[in-house]
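Input: a single structure, listed below in structure tokens.
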Amino acid sequence: MRKLILLLLIFMGFAYENADITSNKNQVSNTYLERVEPPNWWIDFKDTSLQLLVKENNIGASKPSISYKGVRIEKVHSAKSNNYLFIDLVIDKNTKSGKFDILFSFEDGKTKTHTYELKDRQKSPEKYVGFNSSDAIYLITPDRFSNGIESNDINQNLNEKTINRKDNYARHGGDIKGITNNINYIADLGFTTVWPCPVLTNDMFSGSYHGYAITDFYEVDSRFGTLSEYKELANELDKKGMKLIMDQVANHCGIEHWWMKDFPFEDWVNNQKYYEENKENWNHKTVKVSNHRRTTNQDSYASKSDRNGNNEGWFVDTMPDLNQRNPFMANYIIQNSIWWIETLGLGGIRQDTYPYSDKQFMSNWAGAIMNEYPNFSIVGEEWSYNPLLIGYWQKGAKNKDGYESNLRSTMDFAMQNNIISAFNENETWDTGLVKIYEGLANDFHYVTPKDILIFGDNHDMSRIFTQLKGDIINTKMALSYLLMLPRIPQIYYGTEILMNDFEKPGDHGLIRTDFPGGWNGDIVNAFTGVGLTDAQKDMQLFIKKVLNFRRKSEAIHEGETLHFAPENGTYFLFRSKNDETIVHIINKNDKPISIDLNRFKEVGLQGKTLKNILTDEKILWNKTLELSKKGSIILTTKF
Ligand code: CA
């Protein structure tokens, strides 16, 4: 049919409109329309509905039709802009995979066609197993980790046209290939999961390196690579039994997003009217930014004004706030997430700025994903030190307002903060190690503590080595402790070589420093060890030993937890499952100290021999334990 039309058009001397394929070049090879999104779909989803966004000059004046067994158009929605159509499809169960044409007929008899593809799913839904407490996550800022392909560093068709490694806020050239090239390094350290910050197109005039100002939700940023390189990363990780987490942003887009020039509806983004009235002088105007009053999501006394101020304000004035209460926007975001899970075979999603989005939408979003992928994992970012809020967002929480998030994992900023305090503070009744002892006691509030993400730092906060004032022993104690907790641990790239931001503590550009050895000509190479100091090599080895031990320890993954109140600058944590018991000891004393083991007799270790996993030394657990120096000790009964 399409061939016939094509021949007819050529014969009649008509040129096909939009024959140059400018959009979605990574994904679709044969579109003749500006955009059809999602660019493809799959058969055999539980949810048989699919809503296509079609963007093309005057497409609103057309009538779409499809002739393909099992696929029918349920409803066609025109938009405020005549350059959009939203088409509701139903894909019946047992529909066969394949390609079909969507025919757009105009009143004057003209037509346009778009070939759409329904693919077979690569694996069964249960096989999309999300990250969990058996995993350890390596968080990477892709622009700053490794430059695998120098020829993709600059794209003259995009707004930010330079790279400059001397400028911490410019692009440095790191990319997806750089991560793929170094999977062995990451795996050898003992990590099982990689979370790169977003790699989708950020066609912004500046600051595009961080990835959180997405301007095309279906396109890999060419400076990070191609869709096939993203797939290659996912496949190479999968081959090693590792997981890939995609960092997604449902709350906002970048101001250079293509739809900011032609909104489908009046309420596509929040504060849209103000933007449309002032966009010509945008640099001189200030949109209503979020008041960041995130507690309004839970506060029973919160005013509507404060609540809307949090949820509807823009994150910053270059990141428009998406209106997820618009049902077409809601569908767009949900389908986009599923498209990426299915395309890459993801092992999880990290969702940015969770409490800034419409919370009912976020529940629907997570629910839709978990409905299709029952074993999947999503972690939502809420930067709160309040365990009540951390618990509120987790699936199954008995919330007073009845809210069900459908979210498996939340982030433990509270415990992160406690860990830092525990080592920076002196020991008194209410300072020092008591902070982690009492912090962990808050687990009574969480539905599933082991599904919560713990970390020493991340790409938005001062590096742990800086937060702990350059104290190597304290840093080791903090890291080994968080790796023993009933949690999913995440470590930021470069922690293993003591990367820091002492020069300008908290500066985002500096926190995201280049990983040495990631660029041709780097004098220091942390991948090979060349040029590292003894202290860096020592930390690298420490992380490697603890992580590789953790990887095989079911007691750490899902064992019982028991801890004893800190005494005399020491704190004991036990994790046990079946015949395996792990003892994690924190000792802040510079001078030797003798510990009376009678205190721990309920653990049942008397007379057993344990192995120190860092020194391989054997210890008889009897009456006393002599701790000779400051530091952490990890003992196991299973060796
Ligand atoms: Ca590059």
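Residues in the structure tokens are named by chain (A, B, ... in the order shown) and by number from 1 within that chain; ligands are numbered from 1 in the order shown.
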
query = Skipping near chain neighbours, those fewer than 4 positions away, what residues fall within 8 Å of Gln335 (chain A) using only C-alpha atoms, listed as a VMD selection string?
reply = chain A and resid 38 50 331 339

Counting only C-alpha atoms and all ligand atoms, which residues of chain A sit at most 6 Å from some atom of ligand 1, and what is each one's closest atom pair with its distance in Å to one decimal, listed by chain and rising residue number, as a tab-separated table?
```
residue	atom	partner	partner_atom_place_in_ligand_line	distance
A:Asn147	CA	ligand 1	1 (Ca)	4.6
A:Gly148	CA	ligand 1	1 (Ca)	5.7
A:Ile149	CA	ligand 1	1 (Ca)	4.3
A:Glu150	CA	ligand 1	1 (Ca)	4.3
A:Asn152	CA	ligand 1	1 (Ca)	4.8
A:Asp153	CA	ligand 1	1 (Ca)	4.2
A:Gly173	CA	ligand 1	1 (Ca)	4.1
A:Gly174	CA	ligand 1	1 (Ca)	4.9
A:Asp175	CA	ligand 1	1 (Ca)	5.1
```

Next, dump the selected residues to file, keeping only all heavy atoms, as a PDB file, in the first residue's frame.
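Result written to selection_35.pdb:
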```
ATOM      1  N   ASN A 147      36.450   9.018  28.761  1.00  0.00           N
ATOM      2  CA  ASN A 147      36.147   9.425  27.393  1.00  0.00           C
ATOM      3  C   ASN A 147      36.492   8.296  26.435  1.00  0.00           C
ATOM      4  O   ASN A 147      37.623   8.167  25.979  1.00  0.00           O
ATOM      5  CB  ASN A 147      36.930  10.701  27.042  1.00  0.00           C
ATOM      6  CG  ASN A 147      36.476  11.306  25.721  1.00  0.00           C
ATOM      7  OD1 ASN A 147      35.642  10.740  25.016  1.00  0.00           O
ATOM      8  ND2 ASN A 147      37.020  12.465  25.389  1.00  0.00           N
ATOM      9  N   GLY A 148      35.500   7.472  26.126  1.00  0.00           N
ATOM     10  CA  GLY A 148      35.734   6.303  25.276  1.00  0.00           C
ATOM     11  C   GLY A 148      35.851   6.659  23.804  1.00  0.00           C
ATOM     12  O   GLY A 148      36.523   5.972  23.035  1.00  0.00           O
ATOM     13  N   ILE A 149      35.180   7.728  23.385  1.00  0.00           N
ATOM     14  CA  ILE A 149      35.179   8.127  21.970  1.00  0.00           C
ATOM     15  C   ILE A 149      35.422   9.634  21.886  1.00  0.00           C
ATOM     16  O   ILE A 149      34.551  10.423  22.241  1.00  0.00           O
ATOM     17  CB  ILE A 149      33.828   7.775  21.291  1.00  0.00           C
ATOM     18  CG1 ILE A 149      33.539   6.266  21.402  1.00  0.00           C
ATOM     19  CG2 ILE A 149      33.830   8.213  19.825  1.00  0.00           C
ATOM     20  CD1 ILE A 149      32.180   5.851  20.868  1.00  0.00           C
ATOM     21  N   GLU A 150      36.575  10.034  21.415  1.00  0.00           N
ATOM     22  CA  GLU A 150      36.872  11.470  21.361  1.00  0.00           C
ATOM     23  C   GLU A 150      36.101  12.177  20.236  1.00  0.00           C
ATOM     24  O   GLU A 150      35.789  13.357  20.349  1.00  0.00           O
ATOM     25  CB  GLU A 150      38.376  11.691  21.204  1.00  0.00           C
ATOM     26  CG  GLU A 150      39.118  11.340  22.492  1.00  0.00           C
ATOM     27  CD  GLU A 150      40.632  11.424  22.369  1.00  0.00           C
ATOM     28  OE1 GLU A 150      41.122  11.844  21.290  1.00  0.00           O
ATOM     29  OE2 GLU A 150      41.324  11.057  23.342  1.00  0.00           O
ATOM     30  N   ASN A 152      33.113  12.022  19.468  1.00  0.00           N
ATOM     31  CA  ASN A 152      31.730  12.450  19.786  1.00  0.00           C
ATOM     32  C   ASN A 152      31.694  13.610  20.786  1.00  0.00           C
ATOM     33  O   ASN A 152      30.626  14.037  21.208  1.00  0.00           O
ATOM     34  CB  ASN A 152      30.887  11.268  20.290  1.00  0.00           C
ATOM     35  CG  ASN A 152      31.351  10.753  21.656  1.00  0.00           C
ATOM     36  OD1 ASN A 152      32.154  11.386  22.340  1.00  0.00           O
ATOM     37  ND2 ASN A 152      30.846   9.610  22.060  1.00  0.00           N
ATOM     38  N   ASP A 153      32.881  14.116  21.154  1.00  0.00           N
ATOM     39  CA  ASP A 153      32.941  15.126  22.227  1.00  0.00           C
ATOM     40  C   ASP A 153      32.133  16.385  21.910  1.00  0.00           C
ATOM     41  O   ASP A 153      31.516  16.975  22.788  1.00  0.00           O
ATOM     42  CB  ASP A 153      34.390  15.542  22.499  1.00  0.00           C
ATOM     43  CG  ASP A 153      35.196  14.427  23.151  1.00  0.00           C
ATOM     44  OD1 ASP A 153      34.608  13.358  23.409  1.00  0.00           O
ATOM     45  OD2 ASP A 153      36.401  14.631  23.394  1.00  0.00           O
ATOM     46  N   GLY A 173      33.794  15.426  28.004  1.00  0.00           N
ATOM     47  CA  GLY A 173      33.971  14.425  26.947  1.00  0.00           C
ATOM     48  C   GLY A 173      33.710  12.983  27.345  1.00  0.00           C
ATOM     49  O   GLY A 173      33.720  12.095  26.495  1.00  0.00           O
ATOM     50  N   GLY A 174      33.487  12.736  28.639  1.00  0.00           N
ATOM     51  CA  GLY A 174      33.186  11.355  29.054  1.00  0.00           C
ATOM     52  C   GLY A 174      31.910  10.872  28.388  1.00  0.00           C
ATOM     53  O   GLY A 174      31.060  11.671  28.003  1.00  0.00           O
ATOM     54  N   ASP A 175      31.782   9.550  28.236  1.00  0.00           N
ATOM     55  CA  ASP A 175      30.634   9.023  27.498  1.00  0.00           C
ATOM     56  C   ASP A 175      30.291   7.596  27.896  1.00  0.00           C
ATOM     57  O   ASP A 175      30.938   6.999  28.770  1.00  0.00           O
ATOM     58  CB  ASP A 175      30.893   9.137  25.986  1.00  0.00           C
ATOM     59  CG  ASP A 175      32.274   8.616  25.604  1.00  0.00           C
ATOM     60  OD1 ASP A 175      32.712   7.622  26.227  1.00  0.00           O
ATOM     61  OD2 ASP A 175      32.921   9.195  24.699  1.00  0.00           O
TER      62      ASP A 175
END
```

Sel. of helix (DSSP H, G or I) residues, region 230-452 of chain A, as number ranges by chain = A: 230-239, 258-261, 272-284, 294-297, 304-312, 327-344, 354-356, 359-372, 387-392, 413-424, 434-445, 449-451

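When CA of Asn251 (chain A) is paired with CA of Thr353 (chain A), their separation reads 6.7 Å.
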
Residue neighbourhood Ser97 (chain A), 7 Å, only C-alpha atoms, exclusion window fewer than 5 positions, as a ChimeraX atom specification = /A:43,118-120
